[in-house]
>>> print(open('input31.cif').read())   # mmCIF, N, CA and C atoms
data_run
#
loop_
_atom_site.label_atom_id
_atom_site.label_comp_id
_atom_site.auth_asym_id
_atom_site.auth_seq_id
_atom_site.Cartn_x
_atom_site.Cartn_y
_atom_site.Cartn_z
N MET R 294 0.84 -1.16 0.00
CA MET R 294 0.00 0.00 0.00
C MET R 294 0.90 1.24 0.00
N LYS R 295 0.69 2.10 -0.98
CA LYS R 295 1.48 3.31 -1.10
C LYS R 295 0.89 4.41 -0.22
N THR R 296 1.67 5.45 0.03
CA THR R 296 1.23 6.55 0.86
C THR R 296 0.05 7.27 0.23
N ASP R 297 0.06 7.46 -1.09
CA ASP R 297 -1.05 8.13 -1.75
C ASP R 297 -2.35 7.35 -1.59
N GLU R 298 -2.27 6.04 -1.69
CA GLU R 298 -3.46 5.21 -1.49
C GLU R 298 -3.98 5.34 -0.06
N THR R 299 -3.06 5.40 0.88
CA THR R 299 -3.43 5.50 2.29
C THR R 299 -4.08 6.84 2.58
N ARG R 300 -3.56 7.90 2.02
CA ARG R 300 -4.12 9.23 2.25
C ARG R 300 -5.54 9.36 1.68
N GLY R 301 -5.86 8.59 0.67
CA GLY R 301 -7.17 8.65 0.06
C GLY R 301 -8.26 7.93 0.85
N LYS R 302 -7.89 7.22 1.88
CA LYS R 302 -8.85 6.45 2.67
C LYS R 302 -9.37 7.27 3.85
N THR R 303 -10.55 6.89 4.32
CA THR R 303 -11.13 7.55 5.49
C THR R 303 -10.51 6.96 6.76
N ASN R 304 -10.77 7.60 7.88
CA ASN R 304 -10.21 7.12 9.14
C ASN R 304 -10.74 5.73 9.50
N SER R 305 -12.01 5.47 9.21
CA SER R 305 -12.55 4.14 9.53
C SER R 305 -11.91 3.06 8.66
N GLU R 306 -11.64 3.37 7.40
CA GLU R 306 -10.95 2.42 6.54
C GLU R 306 -9.53 2.18 7.02
N LEU R 307 -8.87 3.24 7.50
CA LEU R 307 -7.51 3.08 8.02
C LEU R 307 -7.50 2.22 9.27
N GLU R 308 -8.50 2.40 10.15
CA GLU R 308 -8.58 1.58 11.35
C GLU R 308 -8.79 0.12 10.99
N PHE R 309 -9.63 -0.14 9.99
CA PHE R 309 -9.88 -1.50 9.54
C PHE R 309 -8.60 -2.12 8.97
N ASP R 310 -7.89 -1.36 8.14
CA ASP R 310 -6.63 -1.84 7.56
C ASP R 310 -5.60 -2.10 8.65
N MET R 311 -5.54 -1.20 9.64
CA MET R 311 -4.58 -1.35 10.73
C MET R 311 -4.84 -2.64 11.50
N ALA R 312 -6.09 -2.93 11.77
CA ALA R 312 -6.42 -4.15 12.50
C ALA R 312 -6.01 -5.39 11.70
N ASN R 313 -6.27 -5.38 10.41
CA ASN R 313 -5.89 -6.52 9.57
C ASN R 313 -4.38 -6.69 9.48
N ILE R 314 -3.68 -5.58 9.36
CA ILE R 314 -2.21 -5.64 9.26
C ILE R 314 -1.62 -6.16 10.57
N LYS R 315 -2.16 -5.70 11.69
CA LYS R 315 -1.64 -6.16 12.99
C LYS R 315 -1.90 -7.65 13.19
N LYS R 316 -3.06 -8.14 12.74
CA LYS R 316 -3.34 -9.57 12.83
C LYS R 316 -2.35 -10.37 11.98
N GLU R 317 -2.10 -9.89 10.77
CA GLU R 317 -1.17 -10.58 9.89
C GLU R 317 0.24 -10.56 10.46
N LEU R 318 0.64 -9.42 11.02
CA LEU R 318 1.97 -9.30 11.62
C LEU R 318 2.12 -10.25 12.79
N PHE R 319 1.09 -10.33 13.62
CA PHE R 319 1.14 -11.26 14.75
C PHE R 319 1.31 -12.69 14.26
N GLY R 320 0.55 -13.06 13.25
CA GLY R 320 0.64 -14.41 12.70
C GLY R 320 2.02 -14.70 12.15
N LEU R 321 2.60 -13.74 11.44
CA LEU R 321 3.93 -13.94 10.88
C LEU R 321 5.00 -14.05 11.96
N ARG R 322 4.89 -13.23 13.00
CA ARG R 322 5.86 -13.30 14.09
C ARG R 322 5.75 -14.64 14.81
N PHE R 323 4.52 -15.06 15.05
CA PHE R 323 4.31 -16.35 15.72
C PHE R 323 4.86 -17.48 14.87
N LYS R 324 4.57 -17.43 13.58
CA LYS R 324 5.03 -18.48 12.67
C LYS R 324 6.55 -18.50 12.58
N SER R 325 7.18 -17.33 12.55
CA SER R 325 8.63 -17.28 12.42
C SER R 325 9.33 -17.77 13.69
N SER R 326 8.66 -17.66 14.83
CA SER R 326 9.29 -18.14 16.06
C SER R 326 9.16 -19.66 16.20
N THR R 327 8.13 -20.24 15.58
CA THR R 327 7.94 -21.67 15.72
C THR R 327 8.51 -22.47 14.55
N GLU R 328 8.61 -21.84 13.38
CA GLU R 328 9.14 -22.53 12.22
C GLU R 328 9.80 -21.50 11.30
N ALA R 329 10.36 -21.95 10.23
CA ALA R 329 11.03 -21.05 9.30
C ALA R 329 9.99 -20.20 8.57
N ALA R 330 10.21 -18.90 8.55
CA ALA R 330 9.29 -17.99 7.88
C ALA R 330 9.45 -18.14 6.36
N THR R 331 8.34 -18.10 5.66
CA THR R 331 8.39 -18.23 4.21
C THR R 331 8.86 -16.93 3.56
N ASN R 332 8.49 -15.79 4.15
CA ASN R 332 8.87 -14.50 3.58
C ASN R 332 9.19 -13.53 4.73
N PRO R 333 10.40 -13.56 5.25
CA PRO R 333 10.72 -12.71 6.40
C PRO R 333 10.69 -11.22 6.10
N SER R 334 10.82 -10.83 4.85
CA SER R 334 10.78 -9.40 4.53
C SER R 334 9.37 -8.84 4.66
N ARG R 335 8.36 -9.72 4.67
CA ARG R 335 6.97 -9.28 4.81
C ARG R 335 6.75 -8.62 6.18
N ILE R 336 7.44 -9.07 7.21
CA ILE R 336 7.33 -8.48 8.55
C ILE R 336 7.76 -7.02 8.50
N ARG R 337 8.85 -6.75 7.83
CA ARG R 337 9.36 -5.39 7.71
C ARG R 337 8.38 -4.51 6.94
N MET R 338 7.80 -5.04 5.87
CA MET R 338 6.85 -4.28 5.08
C MET R 338 5.61 -3.94 5.90
N LEU R 339 5.13 -4.88 6.69
CA LEU R 339 3.95 -4.64 7.52
C LEU R 339 4.23 -3.59 8.58
N ARG R 340 5.41 -3.65 9.19
CA ARG R 340 5.76 -2.65 10.20
C ARG R 340 5.79 -1.25 9.59
N ARG R 341 6.27 -1.14 8.38
CA ARG R 341 6.31 0.15 7.70
C ARG R 341 4.92 0.64 7.34
N GLN R 342 4.03 -0.27 6.95
CA GLN R 342 2.66 0.12 6.65
C GLN R 342 1.96 0.65 7.90
N ILE R 343 2.21 0.01 9.04
CA ILE R 343 1.65 0.49 10.30
C ILE R 343 2.16 1.89 10.61
N ALA R 344 3.44 2.12 10.39
CA ALA R 344 4.01 3.44 10.64
C ALA R 344 3.40 4.49 9.71
N ARG R 345 3.18 4.14 8.45
CA ARG R 345 2.56 5.07 7.51
C ARG R 345 1.15 5.45 7.96
N ILE R 346 0.39 4.45 8.35
CA ILE R 346 -0.98 4.71 8.78
C ILE R 346 -0.99 5.59 10.03
N ASN R 347 -0.13 5.27 11.00
CA ASN R 347 -0.06 6.08 12.21
C ASN R 347 0.33 7.51 11.91
N THR R 348 1.25 7.71 10.99
CA THR R 348 1.68 9.05 10.62
C THR R 348 0.53 9.84 10.01
N ILE R 349 -0.21 9.23 9.11
CA ILE R 349 -1.32 9.93 8.45
C ILE R 349 -2.42 10.25 9.45
N VAL R 350 -2.73 9.33 10.35
CA VAL R 350 -3.74 9.59 11.37
C VAL R 350 -3.31 10.74 12.27
N HIS R 351 -2.04 10.77 12.64
CA HIS R 351 -1.51 11.84 13.48
C HIS R 351 -1.57 13.19 12.75
N GLU R 352 -1.21 13.20 11.47
CA GLU R 352 -1.27 14.44 10.69
C GLU R 352 -2.70 14.97 10.63
N ARG R 353 -3.65 14.09 10.42
CA ARG R 353 -5.05 14.51 10.36
C ARG R 353 -5.52 15.04 11.70
N ALA R 354 -5.10 14.42 12.79
CA ALA R 354 -5.50 14.86 14.12
C ALA R 354 -4.94 16.23 14.44
N THR R 355 -3.69 16.48 14.07
CA THR R 355 -3.10 17.79 14.35
C THR R 355 -3.69 18.86 13.45
N LYS R 356 -4.08 18.49 12.24
CA LYS R 356 -4.70 19.45 11.33
C LYS R 356 -6.07 19.87 11.86
N ILE R 357 -6.80 18.95 12.46
CA ILE R 357 -8.11 19.26 13.03
C ILE R 357 -7.97 20.22 14.20
N ARG R 358 -6.94 20.02 15.01
CA ARG R 358 -6.71 20.89 16.17
C ARG R 358 -6.16 22.25 15.76
N GLY R 359 -5.80 22.41 14.50
CA GLY R 359 -5.29 23.69 14.03
C GLY R 359 -3.81 23.87 14.21
N GLN R 360 -3.10 22.81 14.48
CA GLN R 360 -1.66 22.87 14.64
C GLN R 360 -1.00 22.26 13.44
N GLU R 361 0.19 22.68 13.18
CA GLU R 361 0.99 22.08 12.11
C GLU R 361 1.71 20.86 12.65
N PRO R 362 1.76 19.78 11.88
CA PRO R 362 2.51 18.60 12.33
C PRO R 362 3.99 18.91 12.41
N ARG R 363 4.66 18.25 13.33
CA ARG R 363 6.10 18.50 13.50
C ARG R 363 6.88 17.93 12.39
#
>>> encode(input="input31.cif", output="structure tokens")
Amino acid sequence: MKTDETRGKTNSELEFDMANIKKELFGLRFKSSTEAATNPSRIRMLRRQIARINTIVHERATKIRGQEPR
């Protein structure tokens, strides 16, 4: 998921995506600790997607309060 795609989504869609990504990340971490991971780079990609979503949500929240994001 690219940043432009993420910015085009509503907050409820972002929350839904965040929940799904966190579930997938948990599954991958659990699987990698018990057996060999099939795609270990996927964990890194998911962590970055979570960071992107959190950044966009934070930017929107600060914009609503009338402050500029840092």
>>> resolve_selection(input="input31.cif", expression="the PyMOL selection byres (((chain R and resi 300 and name CA) around 12) and name CA)", output="ChimeraX atom specification")
/R:294-299,301-304,306-307,345-353
>>> residues_around(input="input31.cif", residues="range 313-315 of chain R", least_positions_apart="6", cutoff="10 Å", atoms="only C-alpha atoms", output="PyMOL selection string")
chain R and resi 307+321+336+339-340+342-343
>>> atom_distance(input="input31.cif", atom1="atom N of Met338 in chain R", atom2="CA of Glu308 in chain R")
18.5 Å
>>> atom_distance(input="input31.cif", atom1="atom N of Pro333 in chain R", atom2="atom C of Ser305 in chain R")
28.0 Å
>>> axis_aligned_box(input="input31.cif", around="range 301-313 of chain R", padding_each_side="5 Å", output="lines of an AutoDock Vina configuration file")
center_x = -8.5
center_y = 1.0
center_z = 6.3
size_x = 18.2
size_y = 25.3
size_z = 22.4
>>> atom_distance(input="input31.cif", atom1="atom C of Ser326 in chain R", atom2="CA of Arg341 in chain R")
21.7 Å
>>> select_by_dssp(input="input31.cif", residues="chain R", states="helix (DSSP H, G or I)", output="PyMOL selection string")
chain R and resi 296-300+304-327+334-357
